[in-house]
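J.: Pasting a structure below so you can have a look.
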Amino acid sequence: MIWVSQILQGVLLGGYYALIACGLSFMFGVMRIINLAHGDLAVLAGFLVWFIAGQTGINPFLALALVIPLMAALGWVLQRTMLERSLRAGELVPLLSTFGLAIVIENLLFEQFGADTRSLAPYIGGLSYDSLTIGGQIYLSYLGIIIFAVAVAILGGLHFFLGHTNLGRAIRATAEDIDTAELVGINSRAVYAAAAAIALATVAVGGAALGMRATFAPYAGPAQLIFAFEAVVIGGLGSLWGTLAGGIALGVAQNIGATINTHGFLIAGHVVFLAFLALRPFLTSLNAKGRIKALLRRAA
Amino acid sequence: MGEDNSFKGDKNGKGDKNGGLSRRRFVQGVGAGAGGLIVGTSAAARFAEAATAMGPVLKVGFVSPRTGALAGFGECDPHILSLGRKALAKGLKVGDKHYAVHLIDEDTQSDPARASQLAKKLINDDKVDLMLATSTPEVVNPVSDACEAAGVPCISTIVPWESWYFGRGAKPGQPSPFHWTYHFSFGGADFYRSYLALWNGPVKTNKKVGILYPNDADGNAVRYHLAPGLAKAGFTIVDPGGYEDGTTDYSLQIAKFKAEQCEIFNTFPIPPDFAVFWRQAAQQGYTRMVKIAQIAKTGLFPSQVEALGTLGYNLSTGCYWHPTFPYSSPLTGLSSAALGADYERSTGRQWNQQVGASMSLLDVGFAALERSSNPKSKAAVAKAISTLKMVSTVGPVDFAKGPVPNVSPTPIIGCQWVKAKPGSKYKLDLVITEHADDPHVPIAAQLVPYNA
């Protein structure tokens, strides 16, 4: 029974990782940017939801509905003012500029909100600790189930969006070959800015999930980056469903590791991550370039 | 900044014959460059002008984490330093001589490497006469090490003294290897006394203790030094094993605590991990079983407990200072109550334990300078610290008594986070529930069960 419980908890944990990783995966898939400020942007979104909910007394889910467009706008601005320029300067420059952005966000949050630990849990009452009991032995938290469902919905929605809408197709075309896309009349600047806006909209949801599940503080961002990054790499860089699978693989591996030995939680996750990294060249069907390209070939 | 000279080869031909630079020269050059960069942003400049008017000047460095992950500890320091500077505005009288005082404060940004770099800068460039450092081994240990190496007297606080003393290479039963560095802070024995008083108190339990100790320096220290003592004192210890900091799922540990029906829970985690654990424990039905939830290392600051929502009420913890302490600051003359009230008035924030601790560091530092035969002599200051006996904001400090040389233990007092009374400006109150470690501190309330 303990094993079933541990694996189920790992699956729910994986949903959370996938949700946090979603924006990272999307940004890399489309723009080839590894966004080192990803964790800090999630923390920023958490602070925005916390601030709005605290100031106005509205439900944090409603506050999130306000923060999503705000973060999307921020994504647009970041792309136009910073990421676009750094992309032109070569592959390494976006790494450096997002690293700098991370430091700027951390210290601005510290200046504005101070060092205190925050959480959205006080605003959601019992939802932060209520759970569903199965057979008196297995407890699944409602919040965990909601986060998992939201992760599936967002990743599925993005997948559908890329395959079945004009903007989605334009994003895929630009990701595949920017010059050819421009030849057929796609405005790649606008497409990239839209993609950055979408990525940051998902980061807003990830930040809210972080705030409800755990706590955050101005310098908590980098710690969020590591599991998101591992989920993206395990699932295949740029692949959306892969990110969900990667998150679940990571969460389940960690919980199995902990069941074997309590010291094993983190190490089991890292071992799975390294194993995928080492074996990936042999897993040709799960091509490292990801599902976006596979989707594109199917469409062609 | 000196690179030009440093990077040239050694004149005596010991350097690289091709005119390159020897490794030693290179290291020196880089060191000088890094030091120079910091000087540019130094706070020292602010005080340079007022300095010369008052004759001889005493320089005191104050190192704490003001930004970064440990920023909660340093949050009150600007306020405390301004109180200290006000008290020292007319200088310090030592014997019949009058000294102007420069208090030079630096922020480690929660980075041990930067702490070490700042200490070296304060020693070599500012030429401080005394160093003060506070809050966590990441700040205090590198600063103490730099002072020990350079022969500069240093006083520090708010690190379990075992982590400071043994963690820096001292061996049990052997003479102290430290000549310049001194530390006053709580240790394992203080937690032990507090826990026995609380767990044998009015809340009846089955004496089964579930311990969640991480696999880090603090976690292993309490696992090997605190838990066996508690077992000897009649408690059954249930230890699922260490876990790594940053773990995001604790289902296994929770299942074990539930299976063993641990009515007492004790933990020493990093604060973000505890929030995740405690919510999961609530989801999986463990918190309803807990009678005493004894937390340490987290729950020091009100915000960490407020973040838990209703799950934060009735957590039992320990404090190293409280506004109801019966002690005053000899430096500023403020009683603990006045210090807490003054902090709340001028910052608009609820008091926290570090307010008293940072104040006491200034108390002890300037008492040592006052009692030295010559505050400009490093040896005389170190000698004065080694025999210092006084009462500071956090209580009595006595470096002559032990348990080991260079260390003066200070108390841990049991207390409980309770929902604030109606009409309070704040969400939570911290009330004192036992005083085994220092009976002069008044008890405010009896411990109540977690689920009361």
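Chain labels follow the order of the structure tokens: the first chain is A, the next B, and so on; residue numbering restarts at 1 in every chain, and ligands are counted from 1 in their shown order.
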Select from region 109-240 of chain A everything DSSP, run on the backbone, classes as strand (DSSP E or B), then give the selection as an MDAnalysis selection string.
T.: chainID A and resid 118 131:134 138:141 216
J.: Taking only C-alpha atoms into account, find every residue of chain A that has an atom no more than 8 Å from chain B, and write it out as a ChimeraX atom specification.
T.: /A:2,6,9-10,13,110,114-123,125,128-131,138-141,213-216,218-220,223,255,258-259,261-266
J.: Looking at only C-alpha atoms, which of B:Glu162, B:Asp437, B:Glu138, B:Asp105 is the one that sits closest to Leu196 (chain B)?
T.: B:Asp437
J.: Pick out the residues sitting within 8 Å of Ile147 (chain A), and hand them over as a PDB file with N, CA and C atoms, in the first residue's frame; count only C-alpha atoms, and ignore anything fewer than 5 positions along from it in its own chain.
T.:
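Writing done, so here's result-v8.pdb:
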ATOM      1  N   LEU A  12       1.213  13.215  -8.666  1.00  0.00           N
ATOM      2  CA  LEU A  12       0.690  14.564  -8.384  1.00  0.00           C
ATOM      3  C   LEU A  12       1.831  15.578  -8.325  1.00  0.00           C
ATOM      4  N   GLY A  15       2.819  16.529 -11.726  1.00  0.00           N
ATOM      5  CA  GLY A  15       1.937  17.526 -12.330  1.00  0.00           C
ATOM      6  C   GLY A  15       2.381  18.933 -11.958  1.00  0.00           C
ATOM      7  N   TYR A  16       2.784  19.081 -10.692  1.00  0.00           N
ATOM      8  CA  TYR A  16       3.259  20.393 -10.224  1.00  0.00           C
ATOM      9  C   TYR A  16       4.548  20.777 -10.954  1.00  0.00           C
ATOM     10  N   LEU A  19       3.735  21.844 -14.449  1.00  0.00           N
ATOM     11  CA  LEU A  19       3.129  23.174 -14.516  1.00  0.00           C
ATOM     12  C   LEU A  19       4.201  24.265 -14.389  1.00  0.00           C
ATOM     13  N   ALA A 209       0.574  28.357  -8.332  1.00  0.00           N
ATOM     14  CA  ALA A 209       0.631  26.992  -7.788  1.00  0.00           C
ATOM     15  C   ALA A 209       1.718  26.893  -6.725  1.00  0.00           C
TER      16      ALA A 209
END
J.: Name all residues at most 8 Å from Trp417 (chain B) (count only C-alpha atoms; drop same-chain ones fewer than 4 positions away) and give them as a PDB file with N, CA and C atoms, in the first residue's frame.
T.:
ATOM      1  N   VAL B 305       5.506  31.899  10.106  1.00  0.00           N
ATOM      2  CA  VAL B 305       4.368  31.197  10.697  1.00  0.00           C
ATOM      3  C   VAL B 305       3.065  31.688  10.074  1.00  0.00           C
ATOM      4  N   GLY B 312      -0.504  27.334  11.406  1.00  0.00           N
ATOM      5  CA  GLY B 312       0.598  27.892  12.188  1.00  0.00           C
ATOM      6  C   GLY B 312       0.243  28.109  13.655  1.00  0.00           C
ATOM      7  N   TYR B 313      -1.060  28.120  13.984  1.00  0.00           N
ATOM      8  CA  TYR B 313      -1.441  28.358  15.378  1.00  0.00           C
ATOM      9  C   TYR B 313      -0.965  27.212  16.269  1.00  0.00           C
ATOM     10  N   ASN B 314      -0.447  27.577  17.446  1.00  0.00           N
ATOM     11  CA  ASN B 314      -0.045  26.631  18.496  1.00  0.00           C
ATOM     12  C   ASN B 314       1.208  25.824  18.176  1.00  0.00           C
ATOM     13  N   LEU B 315       1.984  26.243  17.190  1.00  0.00           N
ATOM     14  CA  LEU B 315       3.292  25.619  17.018  1.00  0.00           C
ATOM     15  C   LEU B 315       4.161  26.021  18.210  1.00  0.00           C
ATOM     16  N   SER B 316       4.899  25.048  18.751  1.00  0.00           N
ATOM     17  CA  SER B 316       5.758  25.312  19.900  1.00  0.00           C
ATOM     18  C   SER B 316       7.184  25.516  19.412  1.00  0.00           C
ATOM     19  N   THR B 317       7.876  26.519  19.953  1.00  0.00           N
ATOM     20  CA  THR B 317       9.214  26.808  19.452  1.00  0.00           C
ATOM     21  C   THR B 317      10.080  27.339  20.588  1.00  0.00           C
ATOM     22  N   LEU B 428      -0.352  37.028  14.867  1.00  0.00           N
ATOM     23  CA  LEU B 428       0.100  36.025  15.829  1.00  0.00           C
ATOM     24  C   LEU B 428       0.821  36.687  16.990  1.00  0.00           C
ATOM     25  N   ASP B 429       0.818  35.980  18.125  1.00  0.00           N
ATOM     26  CA  ASP B 429       1.613  36.378  19.273  1.00  0.00           C
ATOM     27  C   ASP B 429       2.554  35.239  19.613  1.00  0.00           C
ATOM     28  N   LEU B 430       3.720  35.588  20.140  1.00  0.00           N
ATOM     29  CA  LEU B 430       4.636  34.560  20.628  1.00  0.00           C
ATOM     30  C   LEU B 430       4.655  34.677  22.149  1.00  0.00           C
ATOM     31  N   VAL B 431       4.130  33.645  22.846  1.00  0.00           N
ATOM     32  CA  VAL B 431       4.068  33.725  24.311  1.00  0.00           C
ATOM     33  C   VAL B 431       5.017  32.711  24.941  1.00  0.00           C
TER      34      VAL B 431
END
J.: Please identify all polymer residues within 12 Å of Leu362 (chain B), counting only C-alpha atoms, omitting same-chain residues fewer than 4 positions from it, and present them as a ChimeraX atom specification.
T.: /B:60-63,77,80-85,87-88,103,105,130-134,154-157,329-332,355-358,366-369,392-394
J.: Would you output that residue set with C-alpha atoms, as a tab-separated table (two decimals), in the first residue's frame?
T.:
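Done, and the output landed in result.tsv:
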chain	number	residue	atom	x	y	z
B	60	VAL	CA	34.18	48.37	14.59
B	61	GLY	CA	32.98	46.13	11.76
B	62	PHE	CA	29.42	44.72	11.86
B	63	VAL	CA	28.75	41.88	9.42
B	77	ASP	CA	19.90	45.67	11.56
B	80	ILE	CA	19.57	48.50	15.60
B	81	LEU	CA	22.67	50.11	14.07
B	82	SER	CA	21.00	53.51	14.10
B	83	LEU	CA	20.21	53.05	17.82
B	84	GLY	CA	23.84	52.06	18.41
B	85	ARG	CA	25.20	55.01	16.43
B	87	ALA	CA	24.24	56.03	21.64
B	88	LEU	CA	27.83	56.33	20.41
B	103	LEU	CA	30.55	51.44	13.15
B	105	ASP	CA	28.25	47.67	8.63
B	130	LEU	CA	37.00	44.85	16.63
B	131	MET	CA	34.79	42.68	14.43
B	132	LEU	CA	31.17	41.78	15.18
B	133	ALA	CA	29.21	39.14	13.23
B	134	THR	CA	25.77	37.58	13.61
B	154	CYS	CA	35.95	39.10	16.88
B	155	ILE	CA	32.69	38.55	18.77
B	156	SER	CA	29.78	36.71	17.20
B	157	THR	CA	26.31	35.37	18.04
B	329	SER	CA	20.82	47.03	26.76
B	330	PRO	CA	23.77	48.57	28.63
B	331	LEU	CA	24.81	50.42	25.46
B	332	THR	CA	21.54	52.22	24.75
B	355	VAL	CA	16.11	42.66	17.32
B	356	GLY	CA	17.36	41.69	20.79
B	357	ALA	CA	20.17	39.53	19.46
B	358	SER	CA	21.65	42.22	17.19
B	366	PHE	CA	31.35	47.86	23.21
B	367	ALA	CA	31.49	46.51	26.77
B	368	ALA	CA	34.63	44.61	25.75
B	369	LEU	CA	36.20	47.76	24.27
B	392	SER	CA	23.33	42.14	27.78
B	393	THR	CA	19.92	42.44	26.16
B	394	VAL	CA	19.64	38.63	25.82
J.: I'd like to know which residues of region 5-234 of chain A are helix (DSSP H, G or I) (by DSSP, run on the backbone); could you write them as a PyMOL selection string?
T.: chain A and resi 5-31+38-56+60-88+92-113+121-128+142-164+166-176+178-183+188-213+221-234
J.: Find the residues near region 225-242 of chain A: any atom within 7 Å, counting only C-alpha atoms, skip ones fewer than 2 places away on the same chain, and give them as a list in words.
T.: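 Near region 225-242 of chain A, the qualifying residues are Tyr17, Ala18, Ile20, Ala21, Ser25, Phe26, Phe28, Gly29, His38, Gly39, Leu155, His159, Gly221, Pro222, Ala223, Leu244, Ala245, Gly246, Gly247, Leu250, Phe273, Phe276, Ala288, Lys289, Gly290, Arg291 and Ile292 of chain A.
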J.: What lies within 9 Å of Ile7 (chain A) using only C-alpha atoms, ignoring chain neighbours under 6 positions off, as a list in words?
T.: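 Listing them by chain and then by number gives Gly251, Val252, Ala253, Asn255 and Ile256 of chain A.
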J.: In Å, how far is it from CA of Leu36 (chain A) to CA of Ala201 (chain A)?
T.: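 So the answer is 16.7 Å.
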